[in-house]
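Notes to accompany the following structure.
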Amino acid sequence: MTAQDIIDKYYLAETNLRDIYMTHCGAVTALALTIAAQHRLKLSTDEIYNAAMLHDIGIFLTDALSIGCTGKEPYIRHGILGAKLLRDNGFDEKYARVAERHTGSGLTAKEIEQQNLPLPHENFFPITQLERLVCYADKFFSKSGKGGIKPLREVREQLARFGEEPLRRFDSLHKEFAVLVTCQ
């Protein structure tokens, strides 16, 4: 099964949800590929494409009506739900981990417990370069219809609402992956 096969399986053609999904994941993919080229990362374009196109595969299982998701689960769970879908459909574990670890700038077990989030009390923050790259690129695009790339200032403000640690993790990602297009 390819990335497009699983997208087609869960996101029906000619639906608003598919359009949102493809627009968002396509933008994340394009930025991740640009970053990889500018930084000469030793990741294949196929790896980056698959990881970026599949990082949000679980959103349809969540209750996020504003973007057309009519599932039963809280949106914060889309990463672990997507990881399970990818594993169940035979995808490489590295793609499941990208889905699982891309939320925010990652989440620690302590943050999950302190915020009483409906997630296992485990660490879900990006570790590998592929995980970090997709997590970083994802922060610059919304699914809510605003369109375009978010300015760095806006990304940092959004993450700062969750505390110093998430912002510190993002700043570390920015130091690793910054490209001119994101420094608006």
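Following the order of the structure tokens, first chain is A, next is B, and so on, with residues numbered from 1 inside each chain and ligands from 1 in the order they appear.
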### Query
Near Ser66 in chain A, within 10 Å and counting only C-alpha atoms, which residues show up once chain neighbours fewer than 4 positions away are dropped, as a VMD selection string?
chain A and resid 17 70 143 to 145
Those residues you just picked out, can you put them in a file as a JSON list (two decimals), in the first residue's frame with N, CA and C atoms?
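What ended up in again.json:
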[["chain", "number", "residue", "atom", "x", "y", "z"],
["A", 17, "LEU", "N", -13.28, 17.43, 3.31],
["A", 17, "LEU", "CA", -12.24, 16.92, 4.21],
["A", 17, "LEU", "C", -11.00, 16.50, 3.41],
["A", 70, "THR", "N", -15.75, 14.05, 11.47],
["A", 70, "THR", "CA", -16.96, 13.68, 12.21],
["A", 70, "THR", "C", -16.76, 12.43, 13.07],
["A", 143, "LYS", "N", -5.07, 23.93, 9.16],
["A", 143, "LYS", "CA", -6.11, 23.24, 8.39],
["A", 143, "LYS", "C", -7.40, 24.05, 8.38],
["A", 144, "SER", "N", -7.41, 25.17, 9.07],
["A", 144, "SER", "CA", -8.65, 25.92, 9.27],
["A", 144, "SER", "C", -9.01, 26.86, 8.14],
["A", 145, "GLY", "N", -8.29, 26.82, 7.04],
["A", 145, "GLY", "CA", -8.68, 27.60, 5.88],
["A", 145, "GLY", "C", -8.01, 28.94, 5.71]]
Which residues of range 72-107 of chain A sit at most 8 Å from range 150-174 of chain A, using only C-alpha atoms? Give each one's shortest atom pair and distance in Å (one decimal place), in chain and ascending residue order, as a tab-separated table.
residue	atom	partner	partner_atom	distance
A:Gly104	CA	A:Leu159	CA	7.1
A:Ser105	CA	A:Phe170	CA	5.5
A:Gly106	CA	A:Pro166	CA	7.2
A:Leu107	CA	A:Pro166	CA	7.7
Residue subset to file, keeping C-alpha atoms, as an mmCIF file, in the first residue's frame:
data_model
loop_
_atom_site.group_PDB
_atom_site.id
_atom_site.type_symbol
_atom_site.label_atom_id
_atom_site.label_comp_id
_atom_site.auth_asym_id
_atom_site.auth_seq_id
_atom_site.Cartn_x
_atom_site.Cartn_y
_atom_site.Cartn_z
ATOM 1 C CA GLY A 104 2.677 20.732 18.895
ATOM 2 C CA SER A 105 6.437 20.616 19.266
ATOM 3 C CA GLY A 106 5.947 17.181 20.781
ATOM 4 C CA LEU A 107 4.405 16.289 24.112
#
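Ranking A:Gln115, A:Phe141, A:Val98, A:Val179 by their shortest atom-to-atom distance to Ile127 in chain A, with only C-alpha atoms included, puts A:Val98 first.
Look at range 25-30 of chain A: the protein and nucleic acid residues within 7 Å of it, using only C-alpha atoms and passing over chain neighbours fewer than 2 places away, are Tyr21, Met22, Thr23, Ala32, Leu33, Thr34, Tyr49, Ala52, Met53, Ala137, Asp138 and Phe141 of chain A.
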N, CA, C and O atoms of the current selection, written as a PDB file, in the first residue's frame:
ATOM      1  N   TYR A  21      -7.340  18.050   3.787  1.00  0.00           N
ATOM      2  CA  TYR A  21      -6.227  17.142   4.086  1.00  0.00           C
ATOM      3  C   TYR A  21      -5.112  17.285   3.046  1.00  0.00           C
ATOM      4  O   TYR A  21      -3.939  17.465   3.387  1.00  0.00           O
ATOM      5  N   MET A  22      -5.479  17.215   1.781  1.00  0.00           N
ATOM      6  CA  MET A  22      -4.480  17.262   0.717  1.00  0.00           C
ATOM      7  C   MET A  22      -3.787  18.624   0.645  1.00  0.00           C
ATOM      8  O   MET A  22      -2.571  18.694   0.412  1.00  0.00           O
ATOM      9  N   THR A  23      -4.541  19.692   0.856  1.00  0.00           N
ATOM     10  CA  THR A  23      -3.941  21.031   0.843  1.00  0.00           C
ATOM     11  C   THR A  23      -2.945  21.176   1.984  1.00  0.00           C
ATOM     12  O   THR A  23      -1.802  21.616   1.786  1.00  0.00           O
ATOM     13  N   ALA A  32       8.787  20.781   3.845  1.00  0.00           N
ATOM     14  CA  ALA A  32       9.761  19.798   4.333  1.00  0.00           C
ATOM     15  C   ALA A  32      10.791  19.470   3.247  1.00  0.00           C
ATOM     16  O   ALA A  32      11.996  19.371   3.533  1.00  0.00           O
ATOM     17  N   LEU A  33      10.347  19.321   2.011  1.00  0.00           N
ATOM     18  CA  LEU A  33      11.275  19.041   0.909  1.00  0.00           C
ATOM     19  C   LEU A  33      12.207  20.229   0.647  1.00  0.00           C
ATOM     20  O   LEU A  33      13.400  20.048   0.369  1.00  0.00           O
ATOM     21  N   THR A  34      11.686  21.445   0.759  1.00  0.00           N
ATOM     22  CA  THR A  34      12.505  22.648   0.588  1.00  0.00           C
ATOM     23  C   THR A  34      13.578  22.720   1.670  1.00  0.00           C
ATOM     24  O   THR A  34      14.752  22.983   1.389  1.00  0.00           O
ATOM     25  N   TYR A  49       8.318  12.684   1.599  1.00  0.00           N
ATOM     26  CA  TYR A  49       6.981  12.729   1.007  1.00  0.00           C
ATOM     27  C   TYR A  49       6.012  11.856   1.813  1.00  0.00           C
ATOM     28  O   TYR A  49       4.931  12.314   2.210  1.00  0.00           O
ATOM     29  N   ALA A  52       5.413  13.251   5.469  1.00  0.00           N
ATOM     30  CA  ALA A  52       4.651  14.502   5.499  1.00  0.00           C
ATOM     31  C   ALA A  52       3.212  14.304   5.014  1.00  0.00           C
ATOM     32  O   ALA A  52       2.274  14.882   5.573  1.00  0.00           O
ATOM     33  N   MET A  53       3.015  13.499   4.002  1.00  0.00           N
ATOM     34  CA  MET A  53       1.654  13.271   3.494  1.00  0.00           C
ATOM     35  C   MET A  53       0.819  12.432   4.450  1.00  0.00           C
ATOM     36  O   MET A  53      -0.407  12.504   4.430  1.00  0.00           O
ATOM     37  N   ALA A 137       7.873  21.542   9.993  1.00  0.00           N
ATOM     38  CA  ALA A 137       7.171  22.054   8.806  1.00  0.00           C
ATOM     39  C   ALA A 137       5.671  22.180   9.068  1.00  0.00           C
ATOM     40  O   ALA A 137       5.025  23.130   8.607  1.00  0.00           O
ATOM     41  N   ASP A 138       5.120  21.260   9.813  1.00  0.00           N
ATOM     42  CA  ASP A 138       3.678  21.248  10.117  1.00  0.00           C
ATOM     43  C   ASP A 138       3.233  22.496  10.878  1.00  0.00           C
ATOM     44  O   ASP A 138       2.104  22.965  10.716  1.00  0.00           O
ATOM     45  N   PHE A 141       1.523  25.604   8.961  1.00  0.00           N
ATOM     46  CA  PHE A 141       0.295  25.513   8.154  1.00  0.00           C
ATOM     47  C   PHE A 141      -0.886  25.086   9.009  1.00  0.00           C
ATOM     48  O   PHE A 141      -0.783  24.180   9.822  1.00  0.00           O
TER      49      PHE A 141
END
### Task
Would you please give, as a PyMOL selection string, all residues of range 36-173 of chain A that DSSP assigns to helix (DSSP H, G or I) based on the backbone?
chain A and resi 36-39+45-54+59-61+65-67+75-88+93-101+109-114+129-138+152-160+164-173
### Atom pair CA of Thr62 in chain A / CA of Ile76 in chain A: separation (Å)
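Spanning CA of Thr62 in chain A to CA of Ile76 in chain A is a straight-line distance of 8.3 Å.
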### Query
With only C-alpha atoms as the basis for distance, which of A:Leu12, A:Ala109, A:Ile59, A:Ala99 is at the shortest distance from His121 in chain A?
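Among A:Leu12, A:Ala109, A:Ile59, A:Ala99, it is A:Ala109 that comes nearest to His121 in chain A.
Remark: for Gly82 in chain A, the closest of the candidate residues A:Glu131, A:Glu100, A:Glu47, A:Glu14 is A:Glu100 (distances computed over only C-alpha atoms).
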#### Entry: Atom-to-atom span, CA of Pro118 in chain A and CA of Pro74 in chain A, Å
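A separation of 7.7 Å between them.
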### Message
Give me, as an MDAnalysis selection string, the residues of chain A that a backbone DSSP run labels strand (DSSP E or B).
### Response
chainID A and resid 62:64 69:70 73 104 106:107 124
Any chance you could export the current selection's N, CA, C and O atoms as a compact mmCIF listing (two decimals), in the first residue's frame?
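The result, stored in again_26.txt:
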# COMPACT_ATOMS: atom_id res chain seq x y z
N THR A 62 -11.45 11.96 14.39
CA THR A 62 -11.65 12.91 15.48
C THR A 62 -12.90 13.75 15.28
O THR A 62 -13.44 13.85 14.19
N ASP A 63 -13.30 14.36 16.37
CA ASP A 63 -14.47 15.26 16.37
C ASP A 63 -13.96 16.68 16.19
O ASP A 63 -13.67 17.39 17.14
N ALA A 64 -13.80 17.08 14.93
CA ALA A 64 -13.32 18.42 14.59
C ALA A 64 -14.17 18.92 13.43
O ALA A 64 -13.73 18.96 12.28
N CYS A 69 -14.21 16.83 10.15
CA CYS A 69 -13.97 15.53 10.78
C CYS A 69 -15.15 15.19 11.70
O CYS A 69 -15.47 15.97 12.61
N THR A 70 -15.75 14.05 11.47
CA THR A 70 -16.96 13.68 12.21
C THR A 70 -16.76 12.43 13.07
O THR A 70 -17.72 11.72 13.38
N GLU A 73 -13.39 10.77 18.52
CA GLU A 73 -12.23 10.99 19.40
C GLU A 73 -11.86 12.47 19.48
O GLU A 73 -12.08 13.22 18.53
N GLY A 104 1.99 19.62 18.24
CA GLY A 104 2.68 20.73 18.89
C GLY A 104 4.14 20.70 18.50
O GLY A 104 4.49 20.53 17.35
N GLY A 106 5.82 18.42 20.04
CA GLY A 106 5.95 17.18 20.78
C GLY A 106 5.32 17.36 22.15
O GLY A 106 5.07 18.50 22.59
N LEU A 107 5.01 16.26 22.77
CA LEU A 107 4.40 16.29 24.11
C LEU A 107 5.17 15.34 25.02
O LEU A 107 5.50 14.22 24.61
N PHE A 124 5.75 11.82 23.59
CA PHE A 124 5.43 11.85 22.17
C PHE A 124 6.09 13.09 21.57
O PHE A 124 5.41 14.03 21.18
